[in-house]
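Q: Handing over work-v8.cif, mmCIF, C-alpha atoms and all ligand atoms.
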data_final
loop_
_atom_site.label_atom_id
_atom_site.label_comp_id
_atom_site.auth_asym_id
_atom_site.auth_seq_id
_atom_site.Cartn_x
_atom_site.Cartn_y
_atom_site.Cartn_z
CA MET A 1 126.00 154.17 94.09
CA LEU A 2 128.89 151.82 94.04
CA ALA A 3 130.88 150.16 91.33
CA ASP A 4 132.09 146.62 90.86
CA LEU A 5 135.31 146.97 88.93
CA HIS A 6 136.48 143.36 88.73
CA THR A 7 134.19 140.78 87.14
CA HIS A 8 134.51 137.91 84.70
CA SER A 9 132.20 136.87 81.91
CA ARG A 10 131.99 133.47 80.27
CA PHE A 11 134.76 134.58 77.93
CA SER A 12 137.14 133.89 80.83
CA PHE A 13 138.28 130.26 80.90
CA ASP A 14 136.81 129.92 84.41
CA GLY A 15 133.71 132.08 83.90
CA ALA A 16 130.31 130.48 84.52
CA PRO A 17 128.37 129.52 81.37
CA GLU A 18 125.52 131.83 82.41
CA ALA A 19 127.91 134.79 82.79
CA THR A 20 127.11 136.50 79.52
CA VAL A 21 128.03 140.17 79.42
CA GLU A 22 124.32 141.00 79.30
CA ALA A 23 123.59 138.84 82.36
CA LEU A 24 126.36 140.61 84.26
CA CYS A 25 124.88 143.98 83.30
CA GLU A 26 121.33 142.98 84.26
CA THR A 27 122.52 141.77 87.66
CA ALA A 28 124.61 144.89 88.27
CA ILE A 29 121.57 147.06 87.53
CA ALA A 30 119.34 144.90 89.75
CA LYS A 31 121.87 145.27 92.58
CA GLY A 32 121.86 149.05 92.20
CA LEU A 33 125.33 149.56 90.81
CA SER A 34 126.04 152.56 88.62
CA HIS A 35 129.28 151.20 87.13
CA LEU A 36 130.47 147.75 86.15
CA ALA A 37 133.79 146.69 84.67
CA VAL A 38 134.04 143.42 82.76
CA THR A 39 137.64 142.34 83.22
CA ASP A 40 138.22 138.94 81.68
CA HIS A 41 141.43 137.03 82.24
CA CYS A 42 144.29 137.54 79.88
CA ASP A 43 147.26 135.83 81.47
CA ILE A 44 149.89 136.77 78.98
CA ASN A 45 151.74 133.51 79.61
CA GLY A 46 148.70 131.77 78.16
CA GLU A 47 149.40 133.39 74.85
CA ILE A 48 153.03 132.34 74.87
CA GLU A 49 153.67 129.33 77.11
CA GLY A 50 150.32 127.62 76.68
CA ILE A 51 149.70 127.34 80.43
CA TYR A 52 146.45 129.33 80.46
CA ALA A 53 143.57 129.34 78.04
CA ILE A 54 143.64 132.12 75.46
CA LEU A 55 141.02 134.85 75.75
CA ASP A 56 138.93 135.55 72.66
CA LYS A 57 139.60 139.27 72.90
CA ASP A 58 137.68 140.28 69.80
CA ALA A 59 134.59 138.43 70.98
CA VAL A 60 134.57 140.02 74.43
CA PHE A 61 135.23 143.44 72.92
CA ASP A 62 132.24 143.06 70.60
CA ALA A 63 129.99 141.83 73.42
CA VAL A 64 130.93 144.70 75.72
CA GLU A 65 130.54 147.34 73.02
CA LYS A 66 127.08 145.99 72.24
CA ALA A 67 126.10 145.97 75.92
CA LYS A 68 127.45 149.49 76.44
CA LYS A 69 124.92 150.72 73.88
CA LYS A 70 122.08 148.56 75.14
CA TYR A 71 122.40 149.66 78.78
CA VAL A 72 123.64 153.22 78.20
CA ASP A 73 120.77 154.78 80.17
CA ARG A 74 121.06 152.45 83.15
CA LEU A 75 124.69 151.45 83.61
CA THR A 76 128.16 152.70 82.84
CA LEU A 77 129.93 149.66 81.51
CA LEU A 78 133.71 149.62 81.34
CA PHE A 79 135.62 147.43 78.93
CA GLY A 80 138.43 146.00 80.98
CA VAL A 81 140.94 143.22 81.21
CA GLU A 82 142.66 141.40 84.06
CA LEU A 83 146.15 141.26 82.61
CA GLY A 84 148.23 138.63 84.38
CA GLN A 85 152.03 138.65 84.64
CA ALA A 86 152.47 141.52 82.17
CA TYR A 87 156.09 142.05 83.30
CA GLN A 88 157.00 138.51 82.22
CA TYR A 89 156.29 139.39 78.58
CA PRO A 90 156.31 143.18 78.42
CA ALA A 91 156.46 143.55 74.63
CA GLN A 92 153.48 141.26 74.08
CA SER A 93 151.60 142.95 76.93
CA ARG A 94 152.15 146.39 75.42
CA ALA A 95 150.99 145.14 72.05
CA LEU A 96 147.77 143.90 73.65
CA LEU A 97 147.17 147.21 75.41
CA ASP A 98 147.83 149.09 72.17
CA ARG A 99 145.46 146.88 70.23
CA TYR A 100 142.33 147.20 72.37
CA PRO A 101 140.79 150.40 73.79
CA TYR A 102 140.57 149.18 77.37
CA ASP A 103 138.79 151.55 79.74
CA ILE A 104 140.42 149.87 82.72
CA VAL A 105 143.37 147.50 83.06
CA LEU A 106 143.79 145.39 86.17
CA GLY A 107 147.30 144.16 86.79
CA SER A 108 147.52 140.79 88.48
CA LEU A 109 149.97 138.13 89.52
CA HIS A 110 148.68 134.55 89.45
CA ASN A 111 151.98 132.76 89.01
CA LEU A 112 155.63 133.50 89.64
CA ARG A 113 158.18 133.05 86.86
CA GLY A 114 158.61 129.35 86.23
CA GLU A 115 155.97 128.36 88.79
CA GLN A 116 152.40 127.18 88.50
CA ASP A 117 149.42 129.34 89.48
CA PHE A 118 149.23 129.84 93.27
CA TYR A 119 145.79 128.25 93.01
CA TYR A 120 147.29 124.86 92.18
CA MET A 121 150.06 124.73 94.79
CA ASP A 122 149.91 122.25 97.66
CA TYR A 123 150.51 124.37 100.76
CA LYS A 124 150.00 121.48 103.18
CA ALA A 125 153.21 119.98 101.83
CA GLN A 126 155.18 123.19 102.43
CA THR A 127 156.82 124.56 105.55
CA ASP A 128 155.99 128.05 106.83
CA ALA A 129 159.43 129.16 105.64
CA GLN A 130 158.74 127.88 102.13
CA ILE A 131 155.38 129.66 102.05
CA ALA A 132 157.02 132.87 103.30
CA ALA A 133 159.66 132.57 100.58
CA LEU A 134 156.93 132.30 97.94
CA PHE A 135 155.20 135.37 99.33
CA ASP A 136 158.51 137.24 99.33
CA ARG A 137 158.95 136.40 95.65
CA SER A 138 155.37 137.49 94.93
CA LEU A 139 156.17 140.92 96.34
CA ASP A 140 159.32 141.18 94.22
CA GLU A 141 157.42 140.24 91.07
CA THR A 142 154.54 142.58 91.97
CA MET A 143 157.09 145.39 92.04
CA GLU A 144 158.16 144.37 88.54
CA LEU A 145 154.50 144.44 87.54
CA LEU A 146 154.21 148.00 88.82
CA ASP A 147 157.35 148.96 86.91
CA PHE A 148 155.82 147.56 83.72
CA GLY A 149 153.25 150.37 83.93
CA GLY A 150 150.13 150.38 81.81
CA ILE A 151 147.81 149.26 84.61
CA HIS A 152 145.17 151.28 86.42
CA VAL A 153 144.53 148.93 89.32
CA LEU A 154 146.68 146.45 91.23
CA THR A 155 144.31 143.58 91.88
CA HIS A 156 144.31 141.08 94.79
CA LEU A 157 147.81 141.92 96.07
CA THR A 158 147.79 138.94 98.46
CA TYR A 159 146.31 136.48 95.95
CA MET A 160 148.23 133.47 97.31
CA HIS A 161 147.02 134.15 100.87
CA ARG A 162 143.51 132.84 100.17
CA TYR A 163 144.87 129.51 98.90
CA VAL A 164 147.38 129.22 101.74
CA ARG A 165 144.43 129.67 104.14
CA ARG A 166 142.35 127.09 102.29
CA GLY A 167 145.29 124.73 102.70
CA GLY A 168 145.04 125.21 106.48
CA LYS A 169 148.10 127.48 106.77
CA ASP A 170 148.57 131.23 107.04
CA ILE A 171 151.05 133.97 106.26
CA ASP A 172 152.53 136.21 108.93
CA PHE A 173 152.85 139.58 107.21
CA ALA A 174 154.83 141.25 110.03
CA PRO A 175 158.27 140.27 108.68
CA PHE A 176 157.31 141.79 105.30
CA ARG A 177 156.40 145.21 106.66
CA GLU A 178 159.38 147.05 105.18
CA LYS A 179 159.00 145.39 101.82
CA LEU A 180 155.26 146.08 101.81
CA ILE A 181 155.97 149.74 102.57
CA THR A 182 158.34 149.90 99.59
CA LEU A 183 155.75 148.24 97.38
CA LEU A 184 152.85 150.42 98.55
CA GLU A 185 154.95 153.55 98.09
CA LYS A 186 155.52 152.41 94.51
CA VAL A 187 151.75 151.93 94.06
CA ILE A 188 151.26 155.53 95.20
CA GLN A 189 154.11 156.88 93.09
CA LYS A 190 152.82 155.12 89.96
CA GLY A 191 149.28 156.49 90.41
CA VAL A 192 147.82 153.00 90.50
CA ALA A 193 144.77 152.12 92.61
CA LEU A 194 144.99 149.31 95.12
CA GLU A 195 142.02 146.95 94.80
CA LEU A 196 140.06 145.52 97.70
CA ASN A 197 139.01 142.09 96.41
CA THR A 198 136.11 140.44 98.23
CA SER A 199 135.99 137.04 96.55
CA ALA A 200 137.77 135.13 99.34
CA LEU A 201 135.80 136.58 102.25
CA PRO A 202 133.65 133.51 102.95
CA PRO A 203 135.50 131.20 105.38
CA ALA A 204 135.39 128.32 102.90
CA ARG A 205 137.20 130.49 100.36
CA GLY A 206 139.90 131.66 102.75
CA GLY A 207 138.02 134.06 105.01
CA VAL A 208 140.11 137.09 104.08
CA PHE A 209 140.02 140.29 102.11
CA SER A 210 142.77 140.71 99.57
CA PRO A 211 144.76 142.56 100.61
CA THR A 212 144.16 142.20 104.33
CA MET A 213 142.90 145.09 106.42
CA GLU A 214 146.33 145.48 107.99
CA ILE A 215 147.83 146.09 104.54
CA LEU A 216 144.97 148.41 103.55
CA SER A 217 145.58 150.44 106.72
CA LEU A 218 149.28 150.55 106.01
CA TYR A 219 148.59 151.85 102.48
CA ARG A 220 146.30 154.53 103.90
CA SER A 221 148.86 155.56 106.51
CA LEU A 222 151.43 156.01 103.75
CA GLY A 223 149.07 158.45 102.01
CA GLY A 224 147.38 156.00 99.63
CA LYS A 225 144.14 157.46 98.30
CA LEU A 226 143.44 155.51 95.10
CA ILE A 227 141.35 152.51 96.02
CA SER A 228 139.19 150.21 93.90
CA LEU A 229 136.66 147.55 94.80
CA GLY A 230 136.05 144.28 93.02
CA SER A 231 134.01 141.17 93.67
CA ASP A 232 136.04 139.07 91.23
CA ALA A 233 132.69 137.51 90.35
CA HIS A 234 132.82 134.67 87.85
CA ALA A 235 129.01 134.30 87.82
CA PRO A 236 126.30 136.99 87.81
CA GLN A 237 125.02 136.23 91.30
CA ASN A 238 128.43 137.03 92.79
CA ILE A 239 128.52 140.60 91.53
CA ALA A 240 129.06 143.02 94.45
CA GLN A 241 129.40 140.09 96.84
CA HIS A 242 130.35 141.13 100.40
CA PHE A 243 130.39 144.81 99.48
CA ASP A 244 128.73 145.80 102.78
CA ALA A 245 131.61 144.20 104.67
CA ALA A 246 134.06 145.81 102.26
CA LYS A 247 132.54 149.26 102.78
CA SER A 248 132.87 148.91 106.56
CA ALA A 249 136.46 147.76 106.18
CA LEU A 250 137.31 150.69 103.91
CA LEU A 251 135.68 153.20 106.25
CA ASP A 252 137.53 151.65 109.20
CA CYS A 253 140.80 152.04 107.30
CA GLY A 254 140.06 155.73 106.64
CA PHE A 255 138.80 155.69 103.05
CA ALA A 256 135.71 157.83 102.41
CA GLU A 257 135.50 157.14 98.68
CA LEU A 258 136.62 154.78 95.98
CA ALA A 259 138.97 156.57 93.61
CA VAL A 260 139.99 154.71 90.49
CA PRO A 261 142.02 155.91 87.52
CA THR A 262 140.73 154.80 84.13
CA LYS A 263 141.52 155.58 80.51
CA ASN A 264 138.91 158.34 80.70
CA GLY A 265 140.08 159.87 83.97
CA LEU A 266 139.50 159.36 87.66
CA LEU A 267 136.24 157.80 88.81
CA THR A 268 135.14 158.43 92.38
CA PHE A 269 132.34 156.87 94.39
CA PRO A 270 131.48 157.90 97.93
CA ILE A 271 131.44 155.02 100.39
CA SER A 272 128.34 155.22 102.54
ZN ZN B 1 139.31 133.62 87.36
ZN ZN B 2 142.94 137.28 89.41
#
Write the structure described by the file as structure tokens, please.
Ligand SMILES: [Zn+2]
Ligand SMILES: [Zn+2]

A:
Amino acid sequence: MLADLHTHSRFSFDGAPEATVEALCETAIAKGLSHLAVTDHCDINGEIEGIYAILDKDAVFDAVEKAKKKYVDRLTLLFGVELGQAYQYPAQSRALLDRYPYDIVLGSLHNLRGEQDFYYMDYKAQTDAQIAALFDRSLDETMELLDFGGIHVLTHLTYMHRYVRRGGKDIDFAPFREKLITLLEKVIQKGVALELNTSALPPARGGVFSPTMEILSLYRSLGGKLISLGSDAHAPQNIAQHFDAAKSALLDCGFAELAVPTKNGLLTFPIS
């Protein structure tokens, strides 16, 4: 029995209209999952700079609490959040985490300080050196995110990679090996799980896992054991998408189980 620990409902600004919390639960059950985390976007900048839509946190909390009761016999539902750029506004981020009883907090980085979301950048117009410089900054800011604390899972570490690939370019990770080692050692030291995100696996969406298998293997070789799995579905039908490929990739990298810290302790799921 596997878990999908990164999904979005229609409460996310980019969630599909049909992605009610109940529809996500029904699909998770139909696909044989034992656990599902609903982790809507809360990019903390959105609250402060007005560059992202604001999440109706009370509404999603109510919907998840209701669904937890409704599906209690069939599904373990986790109330989560994908908290973006927490380190950019640490006080406001802590206030959010104090206010809601999140079972699982995903830490993500969608935009660098003073920059737009990686999704919106025009990579065709950039040189390889400029793209590498952006990736370098993303690693620096991800380390700040880890230092913020308060997160259980580091989601889509190489988020910008999928959009670089869609723009017809790529990132050579080899020059970043030392920096990636420092970052992954921090992931381990902080007790945070690294997420394998499957949403960009189709060629049209980038054709890559996030992070890549080479980074997953590096994490494993450094002693990394905490690993999560998320489809990043924004519509019910995408729940657990490409999980067979993900399971093979995880087994190839030496992981025999998912192991994910949550508010209520460590969850483990054998990969078979
Ligand atoms: Zn989204
Ligand atoms: Zn994200």

Q: Residues within 9 Å of ligand ZN 2 (chain B), counting all atoms listed in the file: report them as a list in words.

A: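 Using all atoms listed in the file, everything at most 9 Å from ligand ZN 2 (chain B) comes to His6, His41, Glu82, Leu83, Gly84, Leu106, Gly107, Ser108, Leu109, His110, Thr155, His156, Tyr159 and Asp232 of chain A.
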
Q: Identify, on the basis of only C-alpha atoms, every residue whose closest approach to region 226-231 of chain A does not exceed 10 Å; exclude the query and any residue fewer than 2 positions from it along the same chain; express the result as a PDB file with C-alpha atoms, in the frame of the given file.

A:
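Output saved as result_9.pdb:
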ATOM      1  CA  LEU A   2     128.890 151.820  94.040  1.00  0.00           C
ATOM      2  CA  ALA A   3     130.880 150.160  91.330  1.00  0.00           C
ATOM      3  CA  ASP A   4     132.090 146.620  90.860  1.00  0.00           C
ATOM      4  CA  LEU A   5     135.310 146.970  88.930  1.00  0.00           C
ATOM      5  CA  HIS A   6     136.480 143.360  88.730  1.00  0.00           C
ATOM      6  CA  THR A   7     134.190 140.780  87.140  1.00  0.00           C
ATOM      7  CA  HIS A   8     134.510 137.910  84.700  1.00  0.00           C
ATOM      8  CA  LEU A  36     130.470 147.750  86.150  1.00  0.00           C
ATOM      9  CA  ALA A  37     133.790 146.690  84.670  1.00  0.00           C
ATOM     10  CA  HIS A 152     145.170 151.280  86.420  1.00  0.00           C
ATOM     11  CA  VAL A 153     144.530 148.930  89.320  1.00  0.00           C
ATOM     12  CA  LEU A 154     146.680 146.450  91.230  1.00  0.00           C
ATOM     13  CA  THR A 155     144.310 143.580  91.880  1.00  0.00           C
ATOM     14  CA  HIS A 156     144.310 141.080  94.790  1.00  0.00           C
ATOM     15  CA  VAL A 187     151.750 151.930  94.060  1.00  0.00           C
ATOM     16  CA  ILE A 188     151.260 155.530  95.200  1.00  0.00           C
ATOM     17  CA  GLY A 191     149.280 156.490  90.410  1.00  0.00           C
ATOM     18  CA  VAL A 192     147.820 153.000  90.500  1.00  0.00           C
ATOM     19  CA  ALA A 193     144.770 152.120  92.610  1.00  0.00           C
ATOM     20  CA  LEU A 194     144.990 149.310  95.120  1.00  0.00           C
ATOM     21  CA  GLU A 195     142.020 146.950  94.800  1.00  0.00           C
ATOM     22  CA  LEU A 196     140.060 145.520  97.700  1.00  0.00           C
ATOM     23  CA  ASN A 197     139.010 142.090  96.410  1.00  0.00           C
ATOM     24  CA  THR A 198     136.110 140.440  98.230  1.00  0.00           C
ATOM     25  CA  SER A 199     135.990 137.040  96.550  1.00  0.00           C
ATOM     26  CA  ALA A 200     137.770 135.130  99.340  1.00  0.00           C
ATOM     27  CA  LEU A 201     135.800 136.580 102.250  1.00  0.00           C
ATOM     28  CA  LEU A 216     144.970 148.410 103.550  1.00  0.00           C
ATOM     29  CA  TYR A 219     148.590 151.850 102.480  1.00  0.00           C
ATOM     30  CA  ARG A 220     146.300 154.530 103.900  1.00  0.00           C
ATOM     31  CA  GLY A 223     149.070 158.450 102.010  1.00  0.00           C
ATOM     32  CA  GLY A 224     147.380 156.000  99.630  1.00  0.00           C
ATOM     33  CA  ALA A 233     132.690 137.510  90.350  1.00  0.00           C
ATOM     34  CA  HIS A 234     132.820 134.670  87.850  1.00  0.00           C
ATOM     35  CA  ASN A 238     128.430 137.030  92.790  1.00  0.00           C
ATOM     36  CA  ILE A 239     128.520 140.600  91.530  1.00  0.00           C
ATOM     37  CA  ALA A 240     129.060 143.020  94.450  1.00  0.00           C
ATOM     38  CA  GLN A 241     129.400 140.090  96.840  1.00  0.00           C
ATOM     39  CA  HIS A 242     130.350 141.130 100.400  1.00  0.00           C
ATOM     40  CA  PHE A 243     130.390 144.810  99.480  1.00  0.00           C
ATOM     41  CA  ALA A 246     134.060 145.810 102.260  1.00  0.00           C
ATOM     42  CA  LYS A 247     132.540 149.260 102.780  1.00  0.00           C
ATOM     43  CA  LEU A 250     137.310 150.690 103.910  1.00  0.00           C
ATOM     44  CA  PHE A 255     138.800 155.690 103.050  1.00  0.00           C
ATOM     45  CA  GLU A 257     135.500 157.140  98.680  1.00  0.00           C
ATOM     46  CA  LEU A 258     136.620 154.780  95.980  1.00  0.00           C
ATOM     47  CA  ALA A 259     138.970 156.570  93.610  1.00  0.00           C
ATOM     48  CA  VAL A 260     139.990 154.710  90.490  1.00  0.00           C
ATOM     49  CA  PRO A 261     142.020 155.910  87.520  1.00  0.00           C
ATOM     50  CA  LEU A 266     139.500 159.360  87.660  1.00  0.00           C
ATOM     51  CA  LEU A 267     136.240 157.800  88.810  1.00  0.00           C
ATOM     52  CA  THR A 268     135.140 158.430  92.380  1.00  0.00           C
ATOM     53  CA  PHE A 269     132.340 156.870  94.390  1.00  0.00           C
TER      54      PHE A 269
END

Q: Starting from the point (146.9, 147.2, 74.6), work out which residues of protein, DNA or RNA have an atom no more than 12 Å away when counting only C-alpha atoms; state them as a list in words.

A: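 Taken together, the residues in range are Cys42, Ile44, Lys57, Gly80, Val81, Glu82, Leu83, Ala86, Pro90, Ala91, Gln92, Ser93, Arg94, Ala95, Leu96, Leu97, Asp98, Arg99, Tyr100, Pro101, Tyr102, Asp103, Ile104, Val105, Gly149, Gly150, Ile151 and Lys263 of chain A.
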
Q: Have a look at A:Lys179, A:Asn111, A:Tyr87, A:Ala132 and name the one nearest to Leu146 (chain A); count all atoms listed in the file.

A: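 Residue with the minimum atom-to-atom distance to Leu146 (chain A): A:Tyr87.
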
Q: When distances are computed from all atoms listed in the file, which of A:Asp136, A:Asp147, A:Glu115, A:Glu65 shows the smallest separation from Glu49 (chain A)?

A: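 Looking at the shortest contact to Glu49 (chain A), the residue is A:Glu115.
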
Q: Which residue out of A:Glu185, A:Asp122, A:Glu178, A:Asp252 has the minimum interatomic distance to Arg165 (chain A) when all atoms listed in the file are used?

A: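 Among A:Glu185, A:Asp122, A:Glu178, A:Asp252, it is A:Asp122 that comes nearest to Arg165 (chain A).
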
Q: Looking at only C-alpha atoms, which of A:Leu112, A:Val60, A:Leu77, A:Ala125 is the one that sits closest to Asp140 (chain A)?

A: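 Of all the options, A:Leu112 lies closest to Asp140 (chain A).
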
Q: Can you work out the spacing between CA of Thr127 (chain A) and CA of Asp172 (chain A) in Å, to one decimal?

A: 12.9 Å

Q: Quick one, how far is CA of Ala129 (chain A) from CA of Met160 (chain A)?

A: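 Going from CA of Ala129 (chain A) over to CA of Met160 (chain A) covers 14.6 Å.
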
Q: Select, from A:Gln126, A:Ala235, A:Ala28, A:Arg162, the residue with the minimum atom-to-atom distance to Ser12 (chain A), counting all atoms listed in the file.

A: A:Ala235

Q: Compile the contact shell of Thr212 (chain A) as a PyMOL selection string: residues with an atom at most 10 Å away, counting all atoms listed in the file, same-chain residues fewer than 5 positions apart removed.

A: chain A and resi 156-158+161+173+196-197+217-218+249

Q: Calculate how many Å separate CA of Pro175 (chain A) from CA of Phe209 (chain A), rounding to one decimal.

A: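 Taking CA of Pro175 (chain A) as the start and CA of Phe209 (chain A) as the end point, the length is 19.4 Å.
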
Q: Select, from A:Lys66, A:His35, A:Arg10, A:Lys169, the residue with the minimum atom-to-atom distance to ligand ZN 1 (chain B), counting all atoms listed in the file.

A: A:Arg10

Q: Find the residues around Ala19 (chain A) up to 9 Å (all atoms listed in the file counted), leave out those fewer than 2 positions away in its own chain, and share them as a list in words.

A: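 These residues fall inside the cut-off: His8, Ser9, Arg10, Phe11, Gly15, Ala16, Pro17, Val21, Glu22, Ala23, Leu24, His234, Ala235 and Pro236 of chain A.
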